[in-house]
Amino acid sequence: MKIFKNKMFILTTIFLMLFNYVVPVMSIASASSVVPNLEEVQANVEVTNAEDLFTLSIMHTNDTHAHVEGYPRLFTAVNEIRGKKENTLLVDAGDVFSGTLYFNKYLGQADLYFMNLLGYDAMTFGNHEFDKDSAILANFVKNMEFPMVSSNVNVKADTELGPLFKDEIGTPGDGGSIYPAIIKEFDGEKVGIFGLTTEDTAFLASPGENVIFEDAIEKSKQTVAMLQAEGVNKIIALSHLGYTPDVQLANAVEGIDVIVGGHSHIRLNAPVVINNSEPTIIVQAGEYLQHLGLLDVTFDADGVVTSQNGQLIALAGYEEDAATKTKVLEYKAPLEELRQQVVGSSLVDLNGARNDVRTKETNLGNLIADGMVAKANESVKTHIALQNGGGIRESFPAGDITLGQVLTVLPFGNNLVTLDLTGAELLAALEHSVSEVETAQGKFSQVSGIKFKYDINKPAGQRVWFVEAKTDNGFEVLDLSKTYRIATNAFAADGGDGFTMFKKAKDEGRMTELFVVDFEVFTSYLEKHSPVSPAVEGRIVQAVNPDEPSKHELVIMGTTDIHAHIMPYDYMADAVNQNFGLAKVYTLVQQLRAQHPNTLLVDNGDIIQGSILGDIEAVVDPRKEGETHSIIAAMNMMGYDAAAIGNHEYNFGLPFLDGVVAESNFPWLSANTYNVSNNEHRYEPYVILDREVDGKPIKIGVIGFVPPQVVIWDKIHLNGNVYVNEIVETAKKYVPEMKEKGADVIVVASHSGFDLSENASENASYQLSQVEGINALITGHQHYVFPSARYETTPGADIEKGTLNGVPTVMPGAWGDHLGVIKLQLANENGSWTVIDGGSQALPTKDFEADVDMVALIKDRHEQTIAYVNSPVGSTATPLNTFFSRVAPNKVVQLINDAQLEFAGNYFAGTEYENIPLLSAAAPFKAGRNGVSYLRM
């Protein structure tokens with residue numbers, strides 16, 4: 001210690017900002033919400049000089065959906081990889097069927113020609129393989145020159161598929177046969193492969209009645225045991241279950257080394273590692289032959305994964321194989337003539353947008369349903385039709401309509417049927433249709449001959465409060481005891497999309513088959529009525545029942561920790577990532593506003609910093625005078641009502657934040673932040689908004705909080721300028737004050753997570769939920785999701801209802817991967833409001849498209865950011881990664897420290913501190929926090 005006596009000791013801590021500017025030029029692979037422990041990370045570390053290691057290169061596709069024109073590039077990529085890799089597999093995780101005219105014309109045989117030529121080793125059934133009858137699928141299997149593997153689809157009793165099933169493990173298995181599993185050998189190394197298909201296929205598609213979908217996890221355990229009994233210790237599952245069930249599968253079944261996934265159409269830009277007793281690697285390659293997945297995985301002598309390196313290869317970057325292209329053109333030629341045939345015309349655009357046909361009445365939905373009624377009436381008198389929204393796949397622009405367009409909009413080839421239903425069954429079908437309208441399910445029905453109203457605020461099964469059905473006498477109030485004939489498609493009639501009441505009628509002999517396929521029904525109607533100009537007529541109305549005037553609902557939507565992620569794009573990986581993005585949140589916000597008349601939108605902080613786009617806005621290319629920060633422009637577009645200041649809002653300094661606040665069309669709130677100079681609030685502590693609920697005036701108070709520790713984290717900006725008080729003591733002071741000023745409802749935006757300890761400070765939202773007078777609580781900071789299973793043992797947490805100590809509470813993740821929704825039930829008596837109940841949900845945004853207007857708004861800054869991250873800034877002579885950087889010395893972190901020391905040394909050169917020793921501290925980034933997310937360069 002004496003060496004420092006009478007000298008100044010300088011500790012330089014220039015933390016992550018510099019690292020953000022170094023990282024973008026590196027090649028990064030990151031994808032997972034699964035948190036690894038040390039052993040999981042070890043699965044990513046290369047092990048060398050071991051004679052007993054075996055490396056396998058798995059090429060994989062999934063959800064190709066008859067995109068035949070992708071095969072020429074796939075040929076080039078596969079042949080290139082086979083030329084470089086020693087031991088290779090080529091497998092498919094299902095859903096070759098349905099999606100383009102190639103399937104309508106060739107029923108999968110065009111795809112199969114190329115799959116056979118490519119030499120696929122195995123595939124499993126997807127749900128869409130069952131869109132047609134068993135004879136068509138059997139014909140596909142018979143012509144396969146490689147085996148179909150399926151451990152949980154029992155086809156033994158099916159007359160077409162049963163004879164193709166071999167109740168044994170294939171070694172390696174014959175083409176044209178279905179096996180529960182097969183074994184491939186590579187120089188004596190045995191690799192087991194088995195298949196799984198979502199049990200939802202029973203209602204998502206049209207399998208034969210003798211095809212049984214068995215429990216995937218139980219069948220996996222049995223199949224893994226069968227393979228292990230044959231001496232196999234390297235096992236691959238081809239899973240058409242979806243990403244989330246794949247994670248569950250990895251956690252539930254020991255012995256699976258690799259899961260090649262499908263069904264959810266997700267692009268995993270890097271493998272996800274799940275660790276139990278041994279690692280399990282999950283991969284998935286998106287959809288439509290846009291990418292080829294490649295996983296190099298190394299096993300030790302016991303079949304344990306010791307290293308892996310996975311990637312998605314963009315096929316657009318490959319040349320088309322000439323011979324394959326020629327064959328594709330042969331298949332394509334008959335389609336072009338078919339595609340160009342004009343079958344009708346429209347004077348208006350016909351809306352078949354996914355989120356619209358699954359949530360509200362559209363003019364295209366009306367047109368399709370009207371056509372179903374018209375065609376059914378040619379055989380049996382019918383006044384009513386229901387078309388599941390999931391069966392409508394695209395829109396039509398105004399103008400001529402071709403057969404090709406029709407087949408794209410209605411790709412599944414479902415036959416028209418009629419059902420005789422009681423009024424009670426018809427009401428049950430309508431209730432089922434709107435039971436999950438919030439999440440845009442395919443069961444939402446477009447209708448003809450029906451007018452109905454529902455209240456989205458009511459529990460599922462109790463929402464429909466008004467129905468009129470068309471009869472010979474015109475529209476009449478639905479009679480629950482009367483029989484009505486309805487037209488629908490064979491998929492729904494067989495219980496598809498969960499219409500069990502239709503399946504009951506079918507099983508009881510109350511169905512009439514009309515043997516006309518859906519696109520012919522539609523084209524027939526167009527030919528008779530073109531040009532068409534359908535409109536939205538009020539057939540389906542979301543409204544509150546006026547007979548319940550004293551009950552009202554306020555829907556509070558909340559975002560948190562967006563961290564400058566506007567677009568669904570990972571700038572560090574330089575790849576689209578559909579799991580997050582404020583532009584996706586906006587689509588869901590608009591949908592909820594259309595469904596609910598009384599809404600509020602609040603952000604909970606940490607929105608302007610956190611992605612490279614945010615850094616460009618603040619540091620690299622700051623906005624000019626008169627320009628608006630891109631993120632604030634996006635928030636203004638969304639119509640936020642208020643926002644709380646998070647700790648990362650201070651990262652760019654107070655002047656920058658003050659400018660952001662000035663540009664916003666909404667107030668920024670921080671009740672516990674004060675100026676040192678005058679002890680007054682730096683920003684508004686709270687706001688009381690004058691709004692209306694169902695036409696009645698209401699005052700909604702919103703208050704914001706930030707962790708007091710921000711004065712330490714951003715000391716360079718805040719020291720001597722502001723101080724921050726404790727959250728709970730501040731809330732106890734100002735919540736009563738807001739009540740005194742007339743707030744009927746109090747909403748807290750707390751940029752603070754959950755810490756159950758008595759003196760919680762940074763994460764004090766749990767204690768906030770116990771402060772009297774708070775009606776709704778939006779939390780954040782920790783990047784978790786509430787309500788969720790994570791909190792099922794938290795005292796006072798009701799994760800089913802979405803409350804914490806009785807207060808409706810939500811924490812909507814991070815980066816826009818969720819939108820928090822709090823629903824408050826209100827009563828109004830003589831102008832006085834009372835909150836009588838409430839709960840919350842955290843709705844995932846991954847299945848929603850990015851809002852096109854926001855995409856256009858951010859386009860220039862987005863493209864600038866992509867160009868920036870691809871700009872070279874240097875080179876490295878040695879590979880670099882961040883494995884183990886949180887527990888051991890690491891080259892990447894050392895590089896940052898070296899850069900910081902050089903910067904600081906230059907900064908102090910020529911000053912009185914020039915010769916004083918410098919230390920540099922750096923924190924690891926992209927090092928496994930909240931998932932398997934590492935840097936590899």
# chains A, B, ... in the order shown; residues from 1 in each chain; ligands from 1

call {"tool": "residues_around", "arguments": {"residues": "A:Gln222", "least_positions_apart": "6", "cutoff": "12 Å", "atoms": "only C-alpha atoms", "output": "list in words"}}
result
Ser151, Asn152, Pro180, Ala181, Phe194, Glu214, Asp215, Ala216, Gln228, Ala229, Val253, Glu254, Gly255 and Ile256 of chain A

call {"tool": "closest_atom_pairs", "arguments": {"of": "stretch 175-269 of chain A", "to": "stretch 291-310 of chain A", "cutoff": "10 Å", "atoms": "only C-alpha atoms", "output": "tab-separated table"}}
result
residue	atom	partner	partner_atom	distance
A:Glu189	CA	A:Ala301	CA	9.5
A:Lys190	CA	A:Gly303	CA	9.6
A:Val191	CA	A:Gly303	CA	9.4
A:Val232	CA	A:Gly303	CA	8.3
A:Asn233	CA	A:Gly303	CA	4.8
A:Lys234	CA	A:Gly303	CA	5.1
A:Ile235	CA	A:Gly303	CA	8.5
A:Gly255	CA	A:Val304	CA	9.1
A:Ile256	CA	A:Val304	CA	9.9
A:Asp257	CA	A:Val305	CA	6.9
A:Val258	CA	A:Val297	CA	8.8
A:Val260	CA	A:Gly293	CA	9.2
A:Arg267	CA	A:His291	CA	8.6
A:Leu268	CA	A:Gly293	CA	9.0
A:Asn269	CA	A:Gly310	CA	8.0

call {"tool": "write_last_selection", "arguments": {"atoms": "C-alpha atoms", "output": "mmCIF file, in the first residue's frame"}}
result
data_model
loop_
_atom_site.group_PDB
_atom_site.id
_atom_site.type_symbol
_atom_site.label_atom_id
_atom_site.label_comp_id
_atom_site.auth_asym_id
_atom_site.auth_seq_id
_atom_site.Cartn_x
_atom_site.Cartn_y
_atom_site.Cartn_z
ATOM 1 C CA GLU A 189 -20.674 -44.369 -35.138
ATOM 2 C CA LYS A 190 -24.414 -44.883 -34.685
ATOM 3 C CA VAL A 191 -26.741 -41.884 -34.926
ATOM 4 C CA VAL A 232 -27.106 -45.583 -29.870
ATOM 5 C CA ASN A 233 -25.821 -42.686 -27.768
ATOM 6 C CA LYS A 234 -26.181 -39.884 -30.323
ATOM 7 C CA ILE A 235 -29.860 -39.060 -30.890
ATOM 8 C CA GLY A 255 -30.918 -38.565 -24.086
ATOM 9 C CA ILE A 256 -31.851 -36.228 -26.953
ATOM 10 C CA ASP A 257 -28.712 -34.512 -28.205
ATOM 11 C CA VAL A 258 -30.121 -32.408 -31.034
ATOM 12 C CA VAL A 260 -34.167 -30.053 -35.370
ATOM 13 C CA ARG A 267 -35.189 -18.513 -37.458
ATOM 14 C CA LEU A 268 -32.740 -19.452 -34.734
ATOM 15 C CA ASN A 269 -29.683 -17.563 -35.902
#

call {"tool": "closest_residue", "arguments": {"among": "A:Gln894, A:Thr359, A:Gln284, A:Asn377", "to": "A:Gln311", "atoms": "only C-alpha atoms"}}
result
A:Gln284

call {"tool": "select_by_dssp", "arguments": {"residues": "stretch 330-443 of chain A", "states": "strand (DSSP E)", "output": "JSON, numbers by chain"}}
result
{"A": [342, 343, 344, 345, 346, 384, 385, 386, 387, 388, 399, 400, 401, 402, 415, 416, 417, 418, 419, 420, 421, 422]}

call {"tool": "closest_residue", "arguments": {"among": "A:Phe705, A:Tyr571, A:Tyr484, A:Phe656", "to": "A:Asp603", "atoms": "only C-alpha atoms"}}
result
A:Phe705

call {"tool": "select_by_dssp", "arguments": {"residues": "stretch 777-892 of chain A", "states": "helix (DSSP H, G or I)", "output": "VMD selection string"}}
result
chain A and resid 789 to 791 852 to 869 891 to 892

call {"tool": "write_last_selection", "arguments": {"atoms": "C-alpha atoms", "output": "PDB file, in the first residue's frame"}}
result
ATOM      1  CA  ALA A 789     -44.545 -19.264 -14.208  1.00  0.00           C
ATOM      2  CA  ARG A 790     -41.379 -17.596 -12.940  1.00  0.00           C
ATOM      3  CA  TYR A 791     -43.464 -16.062 -10.138  1.00  0.00           C
ATOM      4  CA  VAL A 852     -45.685  -0.582 -42.032  1.00  0.00           C
ATOM      5  CA  ASP A 853     -45.969   3.100 -41.138  1.00  0.00           C
ATOM      6  CA  MET A 854     -43.415   2.772 -38.370  1.00  0.00           C
ATOM      7  CA  VAL A 855     -41.133   0.782 -40.651  1.00  0.00           C
ATOM      8  CA  ALA A 856     -41.309   3.642 -43.145  1.00  0.00           C
ATOM      9  CA  LEU A 857     -40.722   6.197 -40.395  1.00  0.00           C
ATOM     10  CA  ILE A 858     -37.546   4.515 -39.182  1.00  0.00           C
ATOM     11  CA  LYS A 859     -36.311   3.282 -42.579  1.00  0.00           C
ATOM     12  CA  ASP A 860     -33.434   5.739 -43.094  1.00  0.00           C
ATOM     13  CA  ARG A 861     -32.055   5.389 -39.554  1.00  0.00           C
ATOM     14  CA  HIS A 862     -32.449   1.605 -39.716  1.00  0.00           C
ATOM     15  CA  GLU A 863     -30.520   1.344 -42.979  1.00  0.00           C
ATOM     16  CA  GLN A 864     -27.873   3.738 -41.645  1.00  0.00           C
ATOM     17  CA  THR A 865     -27.427   1.497 -38.601  1.00  0.00           C
ATOM     18  CA  ILE A 866     -27.004  -1.640 -40.712  1.00  0.00           C
ATOM     19  CA  ALA A 867     -24.407   0.123 -42.851  1.00  0.00           C
ATOM     20  CA  TYR A 868     -22.615   1.289 -39.712  1.00  0.00           C
ATOM     21  CA  VAL A 869     -22.347  -2.151 -38.133  1.00  0.00           C
ATOM     22  CA  LYS A 891      -9.261 -11.897 -24.560  1.00  0.00           C
ATOM     23  CA  VAL A 892     -12.267  -9.799 -25.640  1.00  0.00           C
TER      24      VAL A 892
END

call {"tool": "closest_residue", "arguments": {"among": "A:Ala760, A:Ala899, A:Met567, A:Ala743", "to": "A:Gly816", "atoms": "only C-alpha atoms"}}
result
A:Met567

call {"tool": "atom_distance", "arguments": {"atom1": "atom CA of A:Asn139", "atom2": "atom CA of A:Ala157"}}
result
16.9 Å

call {"tool": "residues_around", "arguments": {"residues": "stretch 746-754 of chain A", "least_positions_apart": "3", "cutoff": "7 Å", "atoms": "only C-alpha atoms", "output": "mmCIF file with all heavy atoms, in the first residue's frame"}}
result
data_model
loop_
_atom_site.group_PDB
_atom_site.id
_atom_site.type_symbol
_atom_site.label_atom_id
_atom_site.label_comp_id
_atom_site.auth_asym_id
_atom_site.auth_seq_id
_atom_site.Cartn_x
_atom_site.Cartn_y
_atom_site.Cartn_z
ATOM 1 N N ASN A 604 -42.508 2.423 -19.577
ATOM 2 C CA ASN A 604 -41.943 2.330 -18.242
ATOM 3 C C ASN A 604 -40.434 2.570 -18.221
ATOM 4 O O ASN A 604 -39.759 2.197 -17.276
ATOM 5 C CB ASN A 604 -42.264 0.950 -17.655
ATOM 6 C CG ASN A 604 -42.021 0.895 -16.170
ATOM 7 O OD1 ASN A 604 -42.311 1.840 -15.450
ATOM 8 N ND2 ASN A 604 -41.477 -0.216 -15.707
ATOM 9 N N GLY A 605 -39.898 3.194 -19.273
ATOM 10 C CA GLY A 605 -38.500 3.602 -19.221
ATOM 11 C C GLY A 605 -37.517 2.666 -19.883
ATOM 12 O O GLY A 605 -37.835 1.536 -20.251
ATOM 13 N N ALA A 644 -42.355 6.851 -18.046
ATOM 14 C CA ALA A 644 -41.471 7.003 -16.897
ATOM 15 C C ALA A 644 -40.029 7.018 -17.372
ATOM 16 O O ALA A 644 -39.687 6.380 -18.366
ATOM 17 C CB ALA A 644 -41.682 5.860 -15.901
ATOM 18 N N GLY A 646 -36.387 5.804 -17.159
ATOM 19 C CA GLY A 646 -35.621 4.687 -16.637
ATOM 20 C C GLY A 646 -34.178 5.090 -16.402
ATOM 21 O O GLY A 646 -33.734 6.172 -16.812
ATOM 22 N N ILE A 700 -57.281 10.102 -14.626
ATOM 23 C CA ILE A 700 -56.349 8.985 -14.474
ATOM 24 C C ILE A 700 -54.989 9.542 -14.092
ATOM 25 O O ILE A 700 -54.369 10.294 -14.846
ATOM 26 C CB ILE A 700 -56.235 8.168 -15.775
ATOM 27 C CG1 ILE A 700 -57.614 7.656 -16.217
ATOM 28 C CG2 ILE A 700 -55.258 7.002 -15.593
ATOM 29 C CD1 ILE A 700 -57.621 7.016 -17.587
ATOM 30 N N GLY A 701 -54.526 9.185 -12.907
ATOM 31 C CA GLY A 701 -53.215 9.624 -12.449
ATOM 32 C C GLY A 701 -52.144 8.619 -12.824
ATOM 33 O O GLY A 701 -52.321 7.412 -12.633
ATOM 34 N N VAL A 702 -51.031 9.115 -13.383
ATOM 35 C CA VAL A 702 -49.892 8.261 -13.733
ATOM 36 C C VAL A 702 -48.656 8.836 -13.055
ATOM 37 O O VAL A 702 -48.372 10.029 -13.178
ATOM 38 C CB VAL A 702 -49.675 8.182 -15.250
ATOM 39 C CG1 VAL A 702 -48.557 7.177 -15.575
ATOM 40 C CG2 VAL A 702 -50.958 7.803 -15.977
ATOM 41 N N ILE A 703 -47.904 8.008 -12.350
ATOM 42 C CA ILE A 703 -46.706 8.446 -11.635
ATOM 43 C C ILE A 703 -45.551 7.519 -12.001
ATOM 44 O O ILE A 703 -45.753 6.328 -12.246
ATOM 45 C CB ILE A 703 -46.955 8.452 -10.103
ATOM 46 C CG1 ILE A 703 -45.759 9.055 -9.353
ATOM 47 C CG2 ILE A 703 -47.285 7.069 -9.588
ATOM 48 C CD1 ILE A 703 -46.057 9.334 -7.879
ATOM 49 N N GLY A 704 -44.329 8.071 -12.076
ATOM 50 C CA GLY A 704 -43.178 7.285 -12.482
ATOM 51 C C GLY A 704 -42.076 7.260 -11.446
ATOM 52 O O GLY A 704 -41.903 8.206 -10.667
ATOM 53 N N PHE A 705 -41.289 6.161 -11.430
ATOM 54 C CA PHE A 705 -40.181 6.006 -10.495
ATOM 55 C C PHE A 705 -38.971 5.401 -11.203
ATOM 56 O O PHE A 705 -39.113 4.612 -12.139
ATOM 57 C CB PHE A 705 -40.578 5.103 -9.320
ATOM 58 C CG PHE A 705 -41.705 5.638 -8.487
ATOM 59 C CD1 PHE A 705 -42.999 5.144 -8.652
ATOM 60 C CD2 PHE A 705 -41.479 6.645 -7.569
ATOM 61 C CE1 PHE A 705 -44.047 5.636 -7.890
ATOM 62 C CE2 PHE A 705 -42.523 7.148 -6.802
ATOM 63 C CZ PHE A 705 -43.807 6.652 -6.965
ATOM 64 N N VAL A 706 -37.783 5.741 -10.703
ATOM 65 C CA VAL A 706 -36.525 5.219 -11.220
ATOM 66 C C VAL A 706 -35.704 4.705 -10.031
ATOM 67 O O VAL A 706 -35.831 5.233 -8.913
ATOM 68 C CB VAL A 706 -35.753 6.319 -11.990
ATOM 69 C CG1 VAL A 706 -35.257 7.405 -11.042
ATOM 70 C CG2 VAL A 706 -34.607 5.735 -12.802
ATOM 71 N N PRO A 707 -34.862 3.683 -10.206
ATOM 72 C CA PRO A 707 -34.045 3.202 -9.078
ATOM 73 C C PRO A 707 -33.110 4.294 -8.552
ATOM 74 O O PRO A 707 -32.432 4.969 -9.337
ATOM 75 C CB PRO A 707 -33.249 2.042 -9.687
ATOM 76 C CG PRO A 707 -34.057 1.583 -10.848
ATOM 77 C CD PRO A 707 -34.699 2.826 -11.395
ATOM 78 N N ALA A 743 -57.639 12.256 -8.685
ATOM 79 C CA ALA A 743 -57.387 11.076 -9.503
ATOM 80 C C ALA A 743 -58.357 9.956 -9.131
ATOM 81 O O ALA A 743 -58.433 9.546 -7.978
ATOM 82 C CB ALA A 743 -55.946 10.601 -9.324
ATOM 83 N N GLU A 762 -33.380 -0.919 -5.195
ATOM 84 C CA GLU A 762 -33.324 -0.898 -6.665
ATOM 85 C C GLU A 762 -34.562 -1.531 -7.269
ATOM 86 O O GLU A 762 -35.167 -0.989 -8.191
ATOM 87 C CB GLU A 762 -32.072 -1.634 -7.150
ATOM 88 C CG GLU A 762 -32.000 -1.746 -8.666
ATOM 89 C CD GLU A 762 -30.824 -2.599 -9.140
ATOM 90 O OE1 GLU A 762 -29.935 -2.907 -8.317
ATOM 91 O OE2 GLU A 762 -30.796 -2.950 -10.336
ATOM 92 N N ASN A 763 -34.947 -2.692 -6.770
ATOM 93 C CA ASN A 763 -36.112 -3.415 -7.276
ATOM 94 C C ASN A 763 -37.189 -3.455 -6.199
ATOM 95 O O ASN A 763 -37.313 -4.415 -5.442
ATOM 96 C CB ASN A 763 -35.702 -4.829 -7.701
ATOM 97 C CG ASN A 763 -34.779 -4.812 -8.899
ATOM 98 O OD1 ASN A 763 -35.145 -4.294 -9.950
ATOM 99 N ND2 ASN A 763 -33.571 -5.334 -8.741
ATOM 100 N N ALA A 764 -37.966 -2.386 -6.146
ATOM 101 C CA ALA A 764 -38.915 -2.194 -5.051
ATOM 102 C C ALA A 764 -40.368 -2.291 -5.484
ATOM 103 O O ALA A 764 -41.266 -1.884 -4.752
ATOM 104 C CB ALA A 764 -38.667 -0.825 -4.404
ATOM 105 N N SER A 765 -40.625 -2.865 -6.654
ATOM 106 C CA SER A 765 -42.010 -2.902 -7.129
ATOM 107 C C SER A 765 -42.886 -3.823 -6.301
ATOM 108 O O SER A 765 -44.094 -3.619 -6.196
ATOM 109 C CB SER A 765 -42.050 -3.318 -8.607
ATOM 110 O OG SER A 765 -41.524 -2.297 -9.412
ATOM 111 N N TYR A 766 -42.295 -4.879 -5.739
ATOM 112 C CA TYR A 766 -43.089 -5.752 -4.873
ATOM 113 C C TYR A 766 -43.630 -4.956 -3.693
ATOM 114 O O TYR A 766 -44.811 -5.062 -3.338
ATOM 115 C CB TYR A 766 -42.246 -6.926 -4.395
ATOM 116 C CG TYR A 766 -43.035 -7.923 -3.562
ATOM 117 C CD1 TYR A 766 -43.747 -8.941 -4.181
ATOM 118 C CD2 TYR A 766 -43.069 -7.836 -2.171
ATOM 119 C CE1 TYR A 766 -44.474 -9.863 -3.428
ATOM 120 C CE2 TYR A 766 -43.789 -8.745 -1.414
ATOM 121 C CZ TYR A 766 -44.493 -9.758 -2.045
ATOM 122 O OH TYR A 766 -45.232 -10.655 -1.310
ATOM 123 N N ILE A 774 -52.855 2.391 -4.974
ATOM 124 C CA ILE A 774 -52.385 2.084 -6.326
ATOM 125 C C ILE A 774 -53.337 1.086 -6.969
ATOM 126 O O ILE A 774 -53.621 0.030 -6.401
ATOM 127 C CB ILE A 774 -50.949 1.529 -6.294
ATOM 128 C CG1 ILE A 774 -49.985 2.600 -5.780
ATOM 129 C CG2 ILE A 774 -50.520 1.032 -7.670
ATOM 130 C CD1 ILE A 774 -48.563 2.098 -5.575
ATOM 131 N N ASN A 775 -53.819 1.416 -8.167
ATOM 132 C CA ASN A 775 -54.786 0.562 -8.864
ATOM 133 C C ASN A 775 -54.164 -0.306 -9.949
ATOM 134 O O ASN A 775 -54.734 -1.333 -10.319
ATOM 135 C CB ASN A 775 -55.892 1.415 -9.492
ATOM 136 C CG ASN A 775 -56.610 2.275 -8.478
ATOM 137 O OD1 ASN A 775 -56.565 3.501 -8.541
ATOM 138 N ND2 ASN A 775 -57.275 1.645 -7.514
ATOM 139 N N ALA A 776 -53.046 0.135 -10.512
ATOM 140 C CA ALA A 776 -52.391 -0.624 -11.581
ATOM 141 C C ALA A 776 -50.896 -0.358 -11.501
ATOM 142 O O ALA A 776 -50.474 0.775 -11.264
ATOM 143 C CB ALA A 776 -52.933 -0.229 -12.952
ATOM 144 N N LEU A 777 -50.107 -1.411 -11.742
ATOM 145 C CA LEU A 777 -48.652 -1.302 -11.567
ATOM 146 C C LEU A 777 -47.947 -1.888 -12.786
ATOM 147 O O LEU A 777 -48.088 -3.081 -13.081
ATOM 148 C CB LEU A 777 -48.234 -2.056 -10.296
ATOM 149 C CG LEU A 777 -46.747 -2.131 -9.957
ATOM 150 C CD1 LEU A 777 -46.129 -0.746 -9.832
ATOM 151 C CD2 LEU A 777 -46.550 -2.931 -8.667
ATOM 152 N N ILE A 778 -47.208 -1.025 -13.491
ATOM 153 C CA ILE A 778 -46.365 -1.465 -14.606
ATOM 154 C C ILE A 778 -44.926 -1.467 -14.111
ATOM 155 O O ILE A 778 -44.429 -0.453 -13.626
ATOM 156 C CB ILE A 778 -46.505 -0.531 -15.817
ATOM 157 C CG1 ILE A 778 -47.965 -0.421 -16.259
ATOM 158 C CG2 ILE A 778 -45.639 -1.024 -16.980
ATOM 159 C CD1 ILE A 778 -48.209 0.683 -17.277
ATOM 160 N N THR A 779 -44.260 -2.607 -14.195
ATOM 161 C CA THR A 779 -42.898 -2.734 -13.689
ATOM 162 C C THR A 779 -41.944 -3.073 -14.827
ATOM 163 O O THR A 779 -42.357 -3.332 -15.956
ATOM 164 C CB THR A 779 -42.819 -3.812 -12.598
ATOM 165 O OG1 THR A 779 -42.998 -5.092 -13.202
ATOM 166 C CG2 THR A 779 -43.883 -3.598 -11.549
ATOM 167 N N GLY A 780 -40.663 -3.109 -14.501
ATOM 168 C CA GLY A 780 -39.652 -3.415 -15.513
ATOM 169 C C GLY A 780 -38.278 -3.521 -14.902
ATOM 170 O O GLY A 780 -38.111 -3.954 -13.771
ATOM 171 N N HIS A 781 -37.267 -3.093 -15.675
ATOM 172 C CA HIS A 781 -35.881 -3.021 -15.237
ATOM 173 C C HIS A 781 -35.183 -4.376 -15.257
ATOM 174 O O HIS A 781 -34.026 -4.479 -15.681
ATOM 175 C CB HIS A 781 -35.800 -2.400 -13.837
ATOM 176 C CG HIS A 781 -34.410 -2.120 -13.356
ATOM 177 N ND1 HIS A 781 -33.490 -1.384 -14.083
ATOM 178 C CD2 HIS A 781 -33.775 -2.477 -12.193
ATOM 179 C CE1 HIS A 781 -32.358 -1.295 -13.395
ATOM 180 N NE2 HIS A 781 -32.501 -1.951 -12.260
ATOM 181 N N GLN A 782 -35.856 -5.437 -14.831
ATOM 182 C CA GLN A 782 -35.224 -6.751 -14.766
ATOM 183 C C GLN A 782 -35.347 -7.547 -16.064
ATOM 184 O O GLN A 782 -34.746 -8.610 -16.195
ATOM 185 C CB GLN A 782 -35.832 -7.562 -13.617
ATOM 186 C CG GLN A 782 -35.466 -7.034 -12.237
ATOM 187 C CD GLN A 782 -36.170 -7.804 -11.136
ATOM 188 O OE1 GLN A 782 -37.369 -8.077 -11.213
ATOM 189 N NE2 GLN A 782 -35.437 -8.142 -10.091
#

call {"tool": "atom_distance", "arguments": {"atom1": "atom CA of A:Val211", "atom2": "atom CA of A:Val153"}}
result
7.0 Å

call {"tool": "residues_around", "arguments": {"residues": "stretch 337-347 of chain A", "least_positions_apart": "3", "cutoff": "9 Å", "atoms": "only C-alpha atoms", "output": "JSON, numbers by chain"}}
result
{"A": [101, 333, 334, 350, 396, 397, 398, 399, 400, 401, 402, 403, 404, 405, 406, 407, 523, 524, 525, 526, 527, 528, 529, 530, 531, 532, 533, 534]}

call {"tool": "residues_around", "arguments": {"residues": "A:Met638", "least_positions_apart": "6", "cutoff": "9 Å", "atoms": "only C-alpha atoms", "output": "PyMOL selection string"}}
result
chain A and resi 586+589-590+601+854

call {"tool": "residues_around", "arguments": {"residues": "A:Arg358", "least_positions_apart": "3", "cutoff": "7 Å", "atoms": "only C-alpha atoms", "output": "PyMOL selection string"}}
result
chain A and resi 354-355+389-390+440-442+444

call {"tool": "atom_distance", "arguments": {"atom1": "atom CA of A:Thr794", "atom2": "atom CA of A:Ser840"}}
result
16.2 Å

call {"tool": "closest_residue", "arguments": {"among": "A:Asn651, A:Asn104, A:Asn62, A:Thr198", "to": "A:Ala285", "atoms": "only C-alpha atoms"}}
result
A:Asn62
